[in-house]
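Novice: Below are the structure tokens for one structure; questions will follow.
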Amino acid sequence: MRVMAIDYGSRATGIAISDELQITVRPLTTIKTDRRGLGSLIEKVVQLAREYDVKTILVGLPLRLDGTRGDAALHVERFAGRLGEQIAVPVILRDERLTSRAADELLRDQGADSERRRRHSDQVAAAIILEDYLAESERNRLAAETQGHPKLEV
């Protein structure tokens with residue numbers, strides 16, 4: 001079951017996707033964003049979700065550092081709501097604080113110049129959102145499996 005992550009932005013929207021086993025994550029693409037034309041963006045996302053047989057979509061929610069919602073979060077919530085109306089898979093909002101900065105640092109560490117960082121940072125940020133989600137899901141799965149089982153002492 002593939003999971004898709006979206007880093008929605010006012011200029012560009014990054015998309016990342018997992019493999020079927022949810023072990024690996026890869027940046028997929030960056031789509032130019034025009035807030036006046038959300039329909040076009042949503043159509044492209046729906047098309048990608050169908051093409052890759054996605055079962056869950058994560059949308060990064062840009063909360064402020066103190067956890068409150070600002071204008072950017074409201075735009076993302078509107079986008080996620082409209083996307084959810086157009087597709088029959090769960091659309092989950094996911095805290096994305098500092099993922100853009102982490103994406104830029106990762107690309108910098110890989111030696112990317114400013115042009116490459118600008119072109120790829122949104123899809124790398126989406127990949128970070130997805131990696132965090134999958135890691136948390138795995139921790140929750142392991143915790144659920146071990147609950148009720150006595151710890152072995154050697």
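A note on labels: chains of the structure tokens are A, B, ... as shown, every chain counts residues from 1, and ligands are counted from 1 in their shown order.
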Write out as a list of chain:residue names the residues lying within 6 Å of region 30-44 of chain A, counting only C-alpha atoms and excluding same-chain residues fewer than 3 positions away.

Specialist: A:Ser10, A:Arg11, A:Ala12, A:Thr13, A:Gly14, A:Gln47, A:Leu83, A:Gln123

Novice: Could you tell me, as number ranges by chain, which residues of chain A DSSP assigns to strand (DSSP E) when given the backbone?

Specialist: A: 2-7, 12-18, 25-32, 54-61, 91-95

Novice: Quote the spacing between CA of Ala80 (chain A) and CA of Met4 (chain A) in Å to one decimal place.

Specialist: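 If I compute the distance from CA of Ala80 (chain A) to CA of Met4 (chain A), I get 12.9 Å.
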
Novice: Based on the backbone DSSP call, show me all residues of region 19-150 of chain A assigned alpha helix (DSSP H), as a PyMOL selection string.

Specialist: chain A and resi 38-51+71-86+99-109+114-146

Novice: Could you take the residues named above and write them with C-alpha atoms, as a PDB file, in the first residue's frame?

Specialist:
ATOM      1  CA  LEU A  38      -6.252  24.783  -7.246  1.00  0.00           C
ATOM      2  CA  GLY A  39      -8.408  22.620  -9.498  1.00  0.00           C
ATOM      3  CA  SER A  40      -5.495  21.969 -11.845  1.00  0.00           C
ATOM      4  CA  LEU A  41      -3.179  21.028  -8.981  1.00  0.00           C
ATOM      5  CA  ILE A  42      -5.792  18.741  -7.461  1.00  0.00           C
ATOM      6  CA  GLU A  43      -6.333  17.035 -10.833  1.00  0.00           C
ATOM      7  CA  LYS A  44      -2.586  16.356 -11.121  1.00  0.00           C
ATOM      8  CA  VAL A  45      -2.402  14.984  -7.576  1.00  0.00           C
ATOM      9  CA  VAL A  46      -5.437  12.748  -8.134  1.00  0.00           C
ATOM     10  CA  GLN A  47      -3.908  11.506 -11.398  1.00  0.00           C
ATOM     11  CA  LEU A  48      -0.605  10.660  -9.656  1.00  0.00           C
ATOM     12  CA  ALA A  49      -2.434   8.969  -6.767  1.00  0.00           C
ATOM     13  CA  ARG A  50      -4.331   6.748  -9.202  1.00  0.00           C
ATOM     14  CA  GLU A  51      -1.254   6.034 -11.321  1.00  0.00           C
ATOM     15  CA  ASP A  71      -2.566  31.935   6.966  1.00  0.00           C
ATOM     16  CA  ALA A  72      -0.392  29.282   5.323  1.00  0.00           C
ATOM     17  CA  ALA A  73      -2.029  26.533   7.402  1.00  0.00           C
ATOM     18  CA  LEU A  74      -5.475  27.801   6.442  1.00  0.00           C
ATOM     19  CA  HIS A  75      -4.548  27.616   2.729  1.00  0.00           C
ATOM     20  CA  VAL A  76      -3.266  24.063   3.204  1.00  0.00           C
ATOM     21  CA  GLU A  77      -6.420  23.029   5.068  1.00  0.00           C
ATOM     22  CA  ARG A  78      -8.539  24.390   2.217  1.00  0.00           C
ATOM     23  CA  PHE A  79      -6.403  22.526  -0.336  1.00  0.00           C
ATOM     24  CA  ALA A  80      -6.592  19.266   1.668  1.00  0.00           C
ATOM     25  CA  GLY A  81     -10.359  19.611   2.034  1.00  0.00           C
ATOM     26  CA  ARG A  82     -10.848  20.078  -1.691  1.00  0.00           C
ATOM     27  CA  LEU A  83      -8.488  17.201  -2.451  1.00  0.00           C
ATOM     28  CA  GLY A  84     -10.413  14.968  -0.046  1.00  0.00           C
ATOM     29  CA  GLU A  85     -13.621  15.733  -1.953  1.00  0.00           C
ATOM     30  CA  GLN A  86     -12.026  14.537  -5.209  1.00  0.00           C
ATOM     31  CA  THR A  99      10.785  20.236   6.913  1.00  0.00           C
ATOM     32  CA  SER A 100      11.613  22.879   4.291  1.00  0.00           C
ATOM     33  CA  ARG A 101      14.698  23.883   6.250  1.00  0.00           C
ATOM     34  CA  ALA A 102      15.692  20.222   6.680  1.00  0.00           C
ATOM     35  CA  ALA A 103      15.210  19.622   2.941  1.00  0.00           C
ATOM     36  CA  ASP A 104      17.407  22.589   2.061  1.00  0.00           C
ATOM     37  CA  GLU A 105      20.117  21.399   4.475  1.00  0.00           C
ATOM     38  CA  LEU A 106      19.975  17.872   3.052  1.00  0.00           C
ATOM     39  CA  LEU A 107      20.333  19.149  -0.513  1.00  0.00           C
ATOM     40  CA  ARG A 108      23.166  21.470   0.580  1.00  0.00           C
ATOM     41  CA  ASP A 109      24.944  18.518   2.209  1.00  0.00           C
ATOM     42  CA  SER A 114      20.988  27.041  -5.267  1.00  0.00           C
ATOM     43  CA  GLU A 115      19.122  26.327  -8.537  1.00  0.00           C
ATOM     44  CA  ARG A 116      18.899  22.586  -7.830  1.00  0.00           C
ATOM     45  CA  ARG A 117      17.856  23.255  -4.224  1.00  0.00           C
ATOM     46  CA  ARG A 118      15.080  25.561  -5.427  1.00  0.00           C
ATOM     47  CA  ARG A 119      13.839  22.987  -7.969  1.00  0.00           C
ATOM     48  CA  HIS A 120      13.889  20.002  -5.600  1.00  0.00           C
ATOM     49  CA  SER A 121      13.410  21.292  -2.049  1.00  0.00           C
ATOM     50  CA  ASP A 122       9.602  20.934  -2.075  1.00  0.00           C
ATOM     51  CA  GLN A 123       9.651  17.279  -3.118  1.00  0.00           C
ATOM     52  CA  VAL A 124      12.457  16.542  -0.651  1.00  0.00           C
ATOM     53  CA  ALA A 125      10.386  18.234   2.091  1.00  0.00           C
ATOM     54  CA  ALA A 126       7.469  15.967   1.101  1.00  0.00           C
ATOM     55  CA  ALA A 127       9.798  12.969   1.387  1.00  0.00           C
ATOM     56  CA  ILE A 128      10.799  14.066   4.908  1.00  0.00           C
ATOM     57  CA  ILE A 129       7.119  14.372   5.901  1.00  0.00           C
ATOM     58  CA  LEU A 130       6.539  10.862   4.555  1.00  0.00           C
ATOM     59  CA  GLU A 131       9.634   9.366   6.218  1.00  0.00           C
ATOM     60  CA  ASP A 132       8.559  10.804   9.573  1.00  0.00           C
ATOM     61  CA  TYR A 133       5.043   9.398   9.150  1.00  0.00           C
ATOM     62  CA  LEU A 134       6.276   5.925   8.197  1.00  0.00           C
ATOM     63  CA  ALA A 135       8.769   5.853  11.087  1.00  0.00           C
ATOM     64  CA  GLU A 136       6.035   6.838  13.531  1.00  0.00           C
ATOM     65  CA  SER A 137       3.682   4.210  12.071  1.00  0.00           C
ATOM     66  CA  GLU A 138       6.360   1.553  12.482  1.00  0.00           C
ATOM     67  CA  ARG A 139       7.029   2.578  16.104  1.00  0.00           C
ATOM     68  CA  ASN A 140       3.284   2.411  16.828  1.00  0.00           C
ATOM     69  CA  ARG A 141       3.032  -1.016  15.156  1.00  0.00           C
ATOM     70  CA  LEU A 142       5.941  -2.377  17.180  1.00  0.00           C
ATOM     71  CA  ALA A 143       4.544  -0.959  20.413  1.00  0.00           C
ATOM     72  CA  ALA A 144       1.159  -2.557  19.717  1.00  0.00           C
ATOM     73  CA  GLU A 145       2.799  -5.927  18.978  1.00  0.00           C
ATOM     74  CA  THR A 146       4.802  -5.933  22.199  1.00  0.00           C
TER      75      THR A 146
END

Novice: Using only C-alpha atoms, which of the listed residues (A:Ile17, A:Leu65, A:Leu93, A:Ala88) sits closest to Tyr52 (chain A)?

Specialist: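 Looking at the shortest contact to Tyr52 (chain A), the residue is A:Ile17.
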